[in-house]
>>> print(open('protein15.cif').read())   # mmCIF, C-alpha atoms
data_protein
#
loop_
_atom_site.label_atom_id
_atom_site.label_comp_id
_atom_site.auth_asym_id
_atom_site.auth_seq_id
_atom_site.Cartn_x
_atom_site.Cartn_y
_atom_site.Cartn_z
CA MET N 1 126.82 86.28 115.44
CA ALA N 2 123.56 86.65 117.37
CA THR N 3 123.18 84.27 120.32
CA TYR N 4 119.86 83.38 121.99
CA LEU N 5 120.20 83.52 125.76
CA LYS N 6 116.48 82.86 126.19
CA ARG N 7 113.84 81.58 123.76
CA GLY N 8 110.05 81.58 123.85
CA ILE N 9 107.72 78.75 122.84
CA THR N 10 108.43 76.88 119.62
CA GLU N 11 107.00 77.86 116.24
CA GLU N 12 105.23 74.51 116.10
CA ALA N 13 103.40 75.19 119.37
CA SER N 14 102.47 78.65 118.14
CA ARG N 15 101.09 77.23 114.88
CA GLU N 16 99.00 74.65 116.71
CA TYR N 17 97.54 77.36 118.93
CA ASN N 18 96.74 79.53 115.90
CA LYS N 19 94.97 76.63 114.19
CA LYS N 20 92.74 76.12 117.21
CA VAL N 21 91.92 79.84 117.33
CA ALA N 22 91.08 79.86 113.60
CA ASN N 23 88.67 76.92 113.93
CA ILE N 24 86.87 78.46 116.90
CA VAL N 25 86.51 81.82 115.17
CA GLU N 26 85.26 80.26 111.94
CA GLY N 27 82.51 78.49 113.84
CA ILE N 28 81.44 81.67 115.63
CA LEU N 29 81.29 83.71 112.43
CA ASP N 30 79.32 80.99 110.63
CA ASP N 31 76.85 80.97 113.51
CA ILE N 32 76.36 84.74 113.25
CA ARG N 33 75.86 84.49 109.48
CA GLU N 34 73.19 81.84 109.91
CA ARG N 35 71.33 83.01 113.02
CA GLY N 36 72.08 86.72 113.31
CA ASP N 37 71.04 88.42 116.54
CA VAL N 38 70.01 85.14 118.19
CA ALA N 39 73.55 83.82 117.81
CA VAL N 40 75.09 87.11 118.93
CA ARG N 41 73.01 87.15 122.10
CA GLU N 42 73.87 83.53 122.93
CA LEU N 43 77.57 84.16 122.34
CA SER N 44 77.53 87.28 124.51
CA ASP N 45 75.90 85.29 127.29
CA LYS N 46 78.38 82.43 126.88
CA PHE N 47 81.56 84.51 126.87
CA ASP N 48 80.65 87.60 128.89
CA LYS N 49 77.49 86.63 130.82
CA TRP N 50 75.96 89.72 129.21
CA THR N 51 72.45 89.78 127.71
CA PRO N 52 70.96 93.28 128.05
CA GLU N 53 67.69 94.18 126.39
CA ASN N 54 69.68 96.29 123.93
CA PHE N 55 73.45 96.20 123.34
CA LYS N 56 73.31 99.79 122.07
CA LEU N 57 73.44 102.47 124.75
CA SER N 58 70.92 105.31 124.61
CA GLN N 59 72.09 108.89 124.99
CA ALA N 60 70.54 108.97 128.45
CA GLU N 61 72.51 105.88 129.46
CA ILE N 62 75.73 107.39 128.09
CA ASP N 63 75.14 110.64 129.99
CA ALA N 64 74.39 108.74 133.20
CA VAL N 65 77.56 106.67 132.93
CA ILE N 66 79.77 109.68 132.27
CA ALA N 67 78.23 111.47 135.25
CA THR N 68 79.66 108.77 137.55
CA LEU N 69 83.25 109.59 136.60
CA PRO N 70 85.48 111.89 138.65
CA GLU N 71 86.29 115.18 136.97
CA GLN N 72 89.99 114.30 136.90
CA VAL N 73 89.28 111.17 134.82
CA ILE N 74 87.27 113.20 132.32
CA GLU N 75 89.99 115.85 132.16
CA ASP N 76 92.69 113.22 131.59
CA ILE N 77 90.69 111.56 128.80
CA LYS N 78 90.16 114.90 127.09
CA PHE N 79 93.86 115.78 127.40
CA ALA N 80 94.88 112.49 125.75
CA GLN N 81 92.29 112.97 123.02
CA ALA N 82 93.54 116.47 122.33
CA GLN N 83 97.01 115.04 121.64
CA VAL N 84 95.69 112.27 119.40
CA ARG N 85 93.35 114.64 117.54
CA ASN N 86 96.11 117.17 116.96
CA PHE N 87 98.53 114.65 115.43
CA ALA N 88 95.78 112.95 113.40
CA GLN N 89 94.73 116.33 111.98
CA ILE N 90 98.33 117.11 111.03
CA GLN N 91 98.47 113.78 109.22
CA ARG N 92 95.14 114.43 107.46
CA ASP N 93 96.33 117.86 106.36
CA SER N 94 99.36 116.22 104.71
CA MET N 95 97.07 114.34 102.30
CA HIS N 96 96.13 116.37 99.24
CA ASP N 97 93.82 115.84 96.30
CA VAL N 98 95.64 116.22 92.99
CA GLU N 99 94.65 117.12 89.44
CA VAL N 100 97.15 117.55 86.61
CA GLU N 101 97.14 117.85 82.82
CA THR N 102 99.61 115.10 81.86
CA LEU N 103 99.25 115.65 78.10
CA PRO N 104 97.39 118.42 76.25
CA GLY N 105 93.72 117.66 76.87
CA VAL N 106 94.37 114.73 79.27
CA ILE N 107 93.52 115.45 82.90
CA LEU N 108 94.24 112.94 85.67
CA GLY N 109 93.59 113.27 89.37
CA HIS N 110 92.81 111.60 92.63
CA LYS N 111 90.48 112.39 95.50
CA ASN N 112 91.00 111.41 99.14
CA MET N 113 87.64 110.28 100.50
CA PRO N 114 86.76 108.73 103.87
CA VAL N 115 85.03 105.37 103.95
CA ASN N 116 81.32 105.63 104.75
CA SER N 117 81.12 103.49 107.90
CA VAL N 118 83.58 102.03 110.37
CA GLY N 119 83.25 99.62 113.27
CA CYS N 120 85.73 100.31 116.06
CA TYR N 121 86.51 97.50 118.46
CA VAL N 122 87.82 98.66 121.84
CA PRO N 123 89.15 95.74 123.94
CA GLY N 124 88.09 95.26 127.53
CA GLY N 125 87.94 92.16 129.67
CA ARG N 126 90.73 92.25 132.24
CA TYR N 127 91.74 95.80 131.34
CA PRO N 128 89.44 98.65 130.22
CA MET N 129 91.35 99.81 127.13
CA VAL N 130 90.22 103.42 127.30
CA ALA N 131 93.00 104.65 125.01
CA SER N 132 91.90 102.39 122.15
CA ALA N 133 88.78 104.53 121.83
CA HIS N 134 90.92 107.59 121.08
CA MET N 135 92.99 105.70 118.56
CA SER N 136 90.10 104.31 116.51
CA VAL N 137 86.94 106.36 117.05
CA LEU N 138 88.56 109.78 117.22
CA THR N 139 90.96 109.11 114.34
CA ALA N 140 88.09 107.92 112.13
CA LYS N 141 86.19 111.10 112.89
CA VAL N 142 89.22 113.29 112.06
CA ALA N 143 89.34 111.42 108.73
CA GLY N 144 85.71 112.41 108.13
CA VAL N 145 83.96 109.04 108.48
CA PRO N 146 80.21 109.81 108.76
CA ARG N 147 79.14 106.65 110.65
CA VAL N 148 81.36 105.30 113.42
CA ILE N 149 80.14 102.38 115.53
CA ALA N 150 82.06 101.61 118.74
CA CYS N 151 81.92 98.30 120.61
CA THR N 152 83.51 97.29 123.89
CA PRO N 153 82.78 94.40 126.26
CA PRO N 154 81.38 94.73 129.76
CA ILE N 155 83.78 94.22 132.63
CA ASN N 156 82.50 91.68 135.14
CA GLY N 157 78.94 92.50 134.17
CA GLU N 158 79.40 96.25 134.57
CA LEU N 159 79.50 99.12 132.09
CA PRO N 160 83.11 100.33 131.53
CA ALA N 161 82.43 103.97 132.33
CA ALA N 162 85.78 105.50 131.33
CA THR N 163 85.81 103.64 128.00
CA ILE N 164 82.26 104.77 127.25
CA ALA N 165 83.25 108.34 128.01
CA ALA N 166 86.24 108.11 125.68
CA MET N 167 84.09 106.68 122.90
CA HIS N 168 81.55 109.46 123.37
CA PHE N 169 84.10 112.29 123.54
CA GLY N 170 85.86 110.78 120.53
CA GLY N 171 82.71 111.21 118.45
CA ALA N 172 81.18 107.72 118.23
CA ASP N 173 77.77 107.78 116.53
CA GLU N 174 76.69 104.59 118.31
CA ILE N 175 78.10 102.83 121.38
CA HIS N 176 77.42 99.12 121.90
CA ILE N 177 78.41 97.07 124.94
CA ILE N 178 79.43 93.76 123.45
CA GLY N 179 82.81 92.07 123.16
CA GLY N 180 84.94 89.59 121.33
CA VAL N 181 84.37 87.86 118.01
CA GLN N 182 80.62 88.34 118.38
CA ALA N 183 81.06 92.13 118.38
CA VAL N 184 83.38 92.12 115.38
CA GLY N 185 81.21 89.65 113.47
CA ARG N 186 78.03 91.60 114.16
CA MET N 187 79.55 94.84 112.88
CA ALA N 188 81.09 93.26 109.79
CA LEU N 189 78.30 90.88 108.78
CA GLY N 190 75.31 92.83 109.99
CA THR N 191 72.30 91.39 111.80
CA GLU N 192 68.65 92.27 112.18
CA SER N 193 69.57 95.02 114.65
CA MET N 194 72.68 96.42 112.93
CA GLU N 195 73.56 97.50 109.42
CA PRO N 196 77.00 96.18 108.46
CA VAL N 197 79.96 98.55 108.33
CA ASP N 198 82.52 98.92 105.55
CA MET N 199 85.62 98.59 107.71
CA ILE N 200 86.66 97.08 111.06
CA VAL N 201 89.50 98.58 113.10
CA GLY N 202 91.02 98.22 116.54
CA PRO N 203 93.27 95.85 118.48
CA GLY N 204 92.24 92.75 120.35
CA ASN N 205 93.28 89.31 121.49
CA ALA N 206 94.17 86.44 119.17
CA PHE N 207 90.49 85.64 118.57
CA VAL N 208 89.60 89.20 117.56
CA ALA N 209 92.64 89.40 115.27
CA GLU N 210 91.68 86.09 113.65
CA ALA N 211 88.09 87.29 113.17
CA LYS N 212 89.40 90.34 111.33
CA ARG N 213 91.62 88.12 109.18
CA GLN N 214 88.69 85.89 108.21
CA LEU N 215 86.38 88.86 107.54
CA PHE N 216 88.90 90.77 105.41
CA GLY N 217 87.49 91.14 101.92
CA ARG N 218 83.94 91.25 103.21
CA VAL N 219 85.07 94.41 104.99
CA GLY N 220 88.29 96.37 105.08
CA ILE N 221 90.51 96.15 108.13
CA ASP N 222 93.23 98.35 109.53
CA LEU N 223 95.70 95.53 110.22
CA LEU N 224 95.99 92.31 112.18
CA ALA N 225 96.75 93.72 115.60
CA GLY N 226 97.10 90.65 117.79
CA PRO N 227 98.76 90.18 121.18
CA THR N 228 101.04 93.08 122.11
CA GLU N 229 104.75 92.77 121.35
CA VAL N 230 107.68 94.72 122.78
CA LEU N 231 111.33 94.83 121.79
CA VAL N 232 113.95 96.64 123.84
CA ILE N 233 117.27 97.33 122.13
CA ALA N 234 119.92 98.21 124.72
CA ASP N 235 123.66 98.47 125.13
CA ASP N 236 125.88 98.87 128.17
CA THR N 237 124.68 102.47 128.66
CA ALA N 238 121.22 101.20 129.66
CA ASP N 239 120.28 100.02 133.14
CA ALA N 240 118.52 96.79 134.02
CA GLU N 241 115.75 98.46 136.02
CA MET N 242 114.54 100.43 133.01
CA VAL N 243 114.93 97.51 130.60
CA ALA N 244 112.99 95.16 132.89
CA THR N 245 110.29 97.75 133.52
CA ASP N 246 109.83 98.38 129.81
CA LEU N 247 109.63 94.65 129.03
CA LEU N 248 107.15 93.84 131.80
CA GLY N 249 105.10 96.93 131.02
CA GLN N 250 103.96 95.25 127.82
CA ALA N 251 104.14 91.62 128.96
CA GLU N 252 101.27 92.37 131.34
CA HIS N 253 98.90 92.68 128.36
CA GLY N 254 98.42 88.93 128.21
CA PRO N 255 100.06 85.52 128.57
CA THR N 256 100.85 85.35 124.84
CA SER N 257 102.48 88.80 124.60
CA PRO N 258 106.09 88.46 123.33
CA ALA N 259 108.81 90.48 125.08
CA LEU N 260 112.25 90.58 123.47
CA LEU N 261 115.55 92.08 124.54
CA ILE N 262 118.33 92.56 122.00
CA THR N 263 121.54 93.71 123.66
CA THR N 264 125.25 94.05 123.06
CA SER N 265 125.93 93.49 126.77
CA LYS N 266 125.92 90.05 128.42
CA LYS N 267 126.18 91.82 131.78
CA LEU N 268 123.00 93.81 131.08
CA ALA N 269 121.21 90.66 129.90
CA ASP N 270 122.05 88.81 133.11
CA GLU N 271 121.12 91.78 135.29
CA THR N 272 117.82 92.16 133.45
CA VAL N 273 116.83 88.56 134.16
CA VAL N 274 117.48 89.13 137.86
CA GLU N 275 115.64 92.47 137.81
CA ILE N 276 112.60 90.98 136.07
CA ALA N 277 112.36 88.34 138.80
CA ARG N 278 112.62 91.05 141.44
CA GLN N 279 109.94 93.24 139.88
CA LEU N 280 107.58 90.30 139.41
CA GLU N 281 107.53 89.85 143.18
CA THR N 282 105.61 93.11 143.59
CA LEU N 283 104.03 93.87 140.20
CA PRO N 284 100.23 93.74 140.62
CA THR N 285 99.86 92.14 137.19
CA ALA N 286 102.61 89.56 137.77
CA ASP N 287 100.17 86.67 137.31
CA ILE N 288 99.95 87.59 133.61
CA ALA N 289 103.36 89.21 133.02
CA SER N 290 105.26 86.28 134.52
CA VAL N 291 103.57 83.79 132.19
CA ALA N 292 104.24 86.01 129.18
CA TRP N 293 107.91 86.37 130.11
CA GLU N 294 108.34 82.66 130.84
CA ASN N 295 106.65 81.46 127.63
CA MET N 296 107.22 84.32 125.20
CA GLY N 297 110.25 86.19 126.53
CA GLN N 298 113.48 86.18 124.54
CA ILE N 299 116.98 87.60 124.94
CA ILE N 300 119.38 87.90 122.01
CA LEU N 301 123.02 88.83 122.52
CA VAL N 302 124.63 90.63 119.54
CA GLU N 303 128.10 91.92 118.71
CA ASP N 304 127.26 95.57 117.97
CA LEU N 305 124.47 98.00 117.09
CA GLU N 306 124.61 97.04 113.43
CA GLU N 307 123.86 93.42 114.27
CA ALA N 308 121.20 94.58 116.71
CA CYS N 309 119.52 96.43 113.84
CA VAL N 310 119.66 93.33 111.64
CA GLU N 311 118.03 91.18 114.32
CA ALA N 312 115.46 93.87 115.10
CA ASN N 313 114.43 94.08 111.45
CA LYS N 314 114.01 90.28 111.41
CA ALA N 315 111.77 90.50 114.49
CA ALA N 316 109.66 93.28 112.88
CA ASN N 317 108.25 94.08 116.30
CA GLU N 318 105.23 96.19 117.17
CA HIS N 319 106.85 98.40 119.83
CA VAL N 320 110.59 99.07 119.78
CA GLN N 321 112.24 100.87 122.71
CA ILE N 322 115.75 102.15 121.97
CA LEU N 323 118.15 102.52 124.92
CA THR N 324 121.62 102.90 123.44
CA ALA N 325 124.46 105.37 123.11
CA ASP N 326 123.43 106.03 119.49
CA ASN N 327 119.65 105.99 119.38
CA ASP N 328 119.42 107.85 116.07
CA TYR N 329 121.21 104.95 114.38
CA PHE N 330 118.00 102.94 114.65
CA LEU N 331 115.78 105.79 113.47
CA GLU N 332 118.00 106.06 110.39
CA ASN N 333 118.51 102.34 109.72
CA MET N 334 115.58 100.31 111.06
CA THR N 335 112.86 99.58 108.51
CA ASN N 336 110.59 97.01 110.19
CA TYR N 337 108.70 98.25 113.25
CA GLY N 338 105.30 99.45 114.32
CA ALA N 339 106.51 102.42 116.36
CA LEU N 340 109.87 103.55 117.72
CA PHE N 341 110.34 104.92 121.22
CA ILE N 342 113.68 106.67 121.17
CA GLY N 343 115.72 107.18 124.33
CA PRO N 344 115.09 106.74 128.04
CA ARG N 345 112.78 109.75 128.39
CA THR N 346 110.03 108.12 126.35
CA ASN N 347 108.47 104.66 126.55
CA VAL N 348 105.76 102.49 125.05
CA ALA N 349 103.22 103.51 127.69
CA PHE N 350 103.44 107.13 126.49
CA GLY N 351 102.53 105.96 122.99
CA ASP N 352 99.85 103.59 124.26
CA LYS N 353 98.01 106.17 126.31
CA VAL N 354 98.69 109.83 125.75
CA ILE N 355 101.49 111.24 123.61
CA GLY N 356 99.46 111.47 120.40
CA THR N 357 100.69 108.77 118.01
CA ASN N 358 98.35 105.86 117.34
CA HIS N 359 98.80 102.71 119.41
CA THR N 360 97.08 100.26 117.05
CA LEU N 361 100.18 98.78 115.44
CA PRO N 362 101.24 95.76 113.35
CA THR N 363 102.09 92.50 115.11
CA GLY N 364 103.12 89.04 113.97
CA LEU N 365 105.79 90.29 111.52
CA ALA N 366 103.27 92.53 109.74
CA ALA N 367 105.57 95.52 110.29
CA ARG N 368 107.53 94.20 107.30
CA TYR N 369 104.77 95.53 105.00
CA THR N 370 102.53 97.94 106.88
CA GLY N 371 102.57 100.68 109.46
CA GLY N 372 99.97 101.18 112.16
CA LEU N 373 96.52 102.70 112.22
CA TRP N 374 96.46 106.36 111.24
CA VAL N 375 94.03 108.79 109.71
CA GLY N 376 95.03 107.67 106.21
CA LYS N 377 93.75 104.14 106.86
CA PHE N 378 90.21 105.52 106.79
CA ILE N 379 90.81 107.32 103.49
CA LYS N 380 90.26 105.88 100.00
CA THR N 381 92.50 107.52 97.41
CA CYS N 382 90.48 107.15 94.21
CA THR N 383 91.62 108.22 90.76
CA TYR N 384 89.68 109.83 87.91
CA GLN N 385 90.40 110.90 84.35
CA ARG N 386 88.98 113.41 81.94
CA VAL N 387 89.84 113.88 78.24
CA THR N 388 88.83 117.35 77.07
CA THR N 389 89.84 117.55 73.39
CA ASP N 390 89.20 115.50 70.25
CA GLU N 391 92.91 115.40 69.50
CA ALA N 392 93.77 113.93 72.90
CA SER N 393 91.04 111.26 72.69
CA ALA N 394 92.23 110.17 69.23
CA LEU N 395 95.89 110.14 70.28
CA ILE N 396 95.32 108.02 73.39
CA GLY N 397 92.90 105.85 71.38
CA GLU N 398 95.51 105.02 68.74
CA TYR N 399 98.04 103.88 71.34
CA GLY N 400 95.35 102.09 73.34
CA SER N 401 94.06 100.21 70.30
CA ARG N 402 97.46 98.79 69.43
CA LEU N 403 98.22 97.86 73.05
CA CYS N 404 94.85 96.10 73.43
CA GLU N 405 95.51 94.09 70.25
CA ILE N 406 98.83 92.87 71.67
CA GLU N 407 96.88 91.41 74.59
CA LYS N 408 94.07 90.16 72.30
CA PHE N 409 91.46 92.17 74.20
CA MET N 410 89.34 92.98 71.17
CA GLY N 411 86.45 94.46 73.13
CA HIS N 412 88.90 96.86 74.77
CA LYS N 413 90.32 97.63 71.33
CA ALA N 414 86.85 98.47 70.08
CA GLN N 415 86.44 101.10 72.81
CA CYS N 416 89.67 102.77 71.70
CA ASP N 417 88.84 102.46 67.98
CA LEU N 418 85.45 104.11 68.46
CA ARG N 419 87.13 107.19 69.95
CA VAL N 420 89.65 107.32 67.10
CA GLU N 421 86.78 107.12 64.61
CA ARG N 422 84.65 109.72 66.40
CA TYR N 423 87.30 112.23 67.33
CA GLY N 424 90.22 111.63 64.94
CA SER N 425 91.00 113.72 61.86
CA LYS N 426 88.35 113.39 59.19
#
>>> encode(input="protein15.cif", output="structure tokens")
Amino acid sequence: MATYLKRGITEEASREYNKKVANIVEGILDDIRERGDVAVRELSDKFDKWTPENFKLSQAEIDAVIATLPEQVIEDIKFAQAQVRNFAQIQRDSMHDVEVETLPGVILGHKNMPVNSVGCYVPGGRYPMVASAHMSVLTAKVAGVPRVIACTPPINGELPAATIAAMHFGGADEIHIIGGVQAVGRMALGTESMEPVDMIVGPGNAFVAEAKRQLFGRVGIDLLAGPTEVLVIADDTADAEMVATDLLGQAEHGPTSPALLITTSKKLADETVVEIARQLETLPTADIASVAWENMGQIILVEDLEEACVEANKAANEHVQILTADNDYFLENMTNYGALFIGPRTNVAFGDKVIGTNHTLPTGLAARYTGGLWVGKFIKTCTYQRVTTDEASALIGEYGSRLCEIEKFMGHKAQCDLRVERYGSK
């Protein structure tokens, strides 16, 4: 039976926090609906102390910003984007239009079409999330989206040069320097200075995730990617240094980022607690990671790998690092996760930054019903039908008429009956 050696904050405390976030976000979005650009500008000043003449960067401004970057930074961004583009293109190539004659004279098909416009939110604030530009902007462009708007906040009143470069190299049609709920609301709702988009994608903090939740329906969203989560599954073949490093590597995202260890080894669990304390003494981001581990960290002791898999599926975590003697067991048996990182030679940071898979992944138990952002999220698979013979129209019409009558949809029945009358045997 699974035993909790460490628990995070209570569900009740989490619910109360989420209620507060929801109320704040609702007020911000209502303000943008009512006052448009005036509200957006006030919110940007309030939260980011940022009120430029124009939030949208000109091409000259983009070129000037990129020119400040060292060549190595540009090369590294382009290398990462090459990996993301390659895998996204492979995924796009796996999606095929279909057309088939299901009965004589009855042709059914579907077309895979990109949405027309997408707003990509790239987080900033404490950390310039350069990689999120690859994951959203570039992937949307591989999907064939004609209009891609990219937004990211300033960092301490400055333009985030590397993020802007990544947005530009990824193919963004417009780049806007604006953050938070005001950026997401402006893209989704539209204002005097921006036509609304059809879809909002990208990760963010709890407020950005809540804004996407409230705007869903008005626009499409990729998923509710809230605070980063990490789960490490380890047995006695793993070492505490690696386990601690892989937990803290995601805990540094923010004070509400859950970090969970599921292990078959009490010895490893104890050693990991000690190792986390040791690493926090020197980790430059310990001010954030320590709070996340204290409030959101969990350790679950299990009997065997089978029970570890059961508990992992319950957790439905965003990132799952596997460090066991039988790593393939989890690839074959786990069903609820955002992304798997299998074995000690890989890690979540590879997926976050460079290896090629998308890092915008489901959080908050959403991995039970969805995967992460990928090229297919930008694609609408739309069906069509064509009936090419009189005989087929009359045949389908006869069945359709009777089925409509069962449901008492007499207007539907009339559509079917008209085809029987027009195209049936005289």
>>> resolve_selection(input="protein15.cif", expression="the PyMOL selection byres ((chain N and resi 208) around 9)", output="PyMOL selection string")
chain N and resi 25+121+180-181+184+203-207+209-213+224-226
>>> closest_residue(input="protein15.cif", among="N:Gln385, N:Leu159, N:Gly424, N:Leu340", to="Glu61 in chain N", atoms="all atoms listed in the file")
N:Leu159
>>> closest_residue(input="protein15.cif", among="N:Leu331, N:Ala22, N:Ala183, N:Ala234", to="Gly124 in chain N", atoms="only C-alpha atoms")
N:Ala183
>>> closest_residue(input="protein15.cif", among="N:Val232, N:Met296, N:Ala88, N:Ala312", to="Thr10 in chain N", atoms="only C-alpha atoms")
N:Met296
>>> resolve_selection(input="protein15.cif", expression="the PyMOL selection byres ((chain N and resi 47-57) around 10)", output="JSON, numbers by chain")
{"N": [40, 41, 42, 43, 44, 45, 46, 58, 59, 60, 61, 62, 63, 125, 149, 150, 151, 153, 154, 155, 156, 157, 158, 164, 174, 175, 176, 177, 178, 179, 180, 181, 182, 183, 193, 194]}
>>> resolve_selection(input="protein15.cif", expression="the PyMOL selection byres ((chain N and resi 365-381) around 9)", output="number ranges by chain")
N: 88-89, 91-92, 95, 97, 110-115, 118, 135-136, 139-145, 199, 201-202, 221-225, 313-318, 335-339, 357-364, 382-383
>>> atom_distance(input="protein15.cif", atom1="CA of Thr388 in chain N", atom2="CA of Glu405 in chain N")
25.1 Å
>>> closest_residue(input="protein15.cif", among="N:Gly171, N:Gly36, N:Gly185, N:Gly217", to="Lys78 in chain N", atoms="all atoms listed in the file")
N:Gly171
>>> atom_distance(input="protein15.cif", atom1="CA of Thr346 in chain N", atom2="CA of Pro128 in chain N")
23.0 Å
>>> residues_around(input="protein15.cif", residues="Ser290 in chain N", least_positions_apart="6", cutoff="9 Å", atoms="only C-alpha atoms", output="MDAnalysis selection string")
chainID N and resid 248 251:252 255 276:277 280
>>> atom_distance(input="protein15.cif", atom1="CA of Leu231 in chain N", atom2="CA of Ala162 in chain N")
29.3 Å
>>> closest_residue(input="protein15.cif", among="N:Leu261, N:Ala82, N:Ala292, N:Val21", to="Thr228 in chain N", atoms="all atoms listed in the file")
N:Ala292
>>> closest_residue(input="protein15.cif", among="N:Cys120, N:Met1, N:Val354, N:Ala64", to="Asp304 in chain N", atoms="all atoms listed in the file")
N:Met1
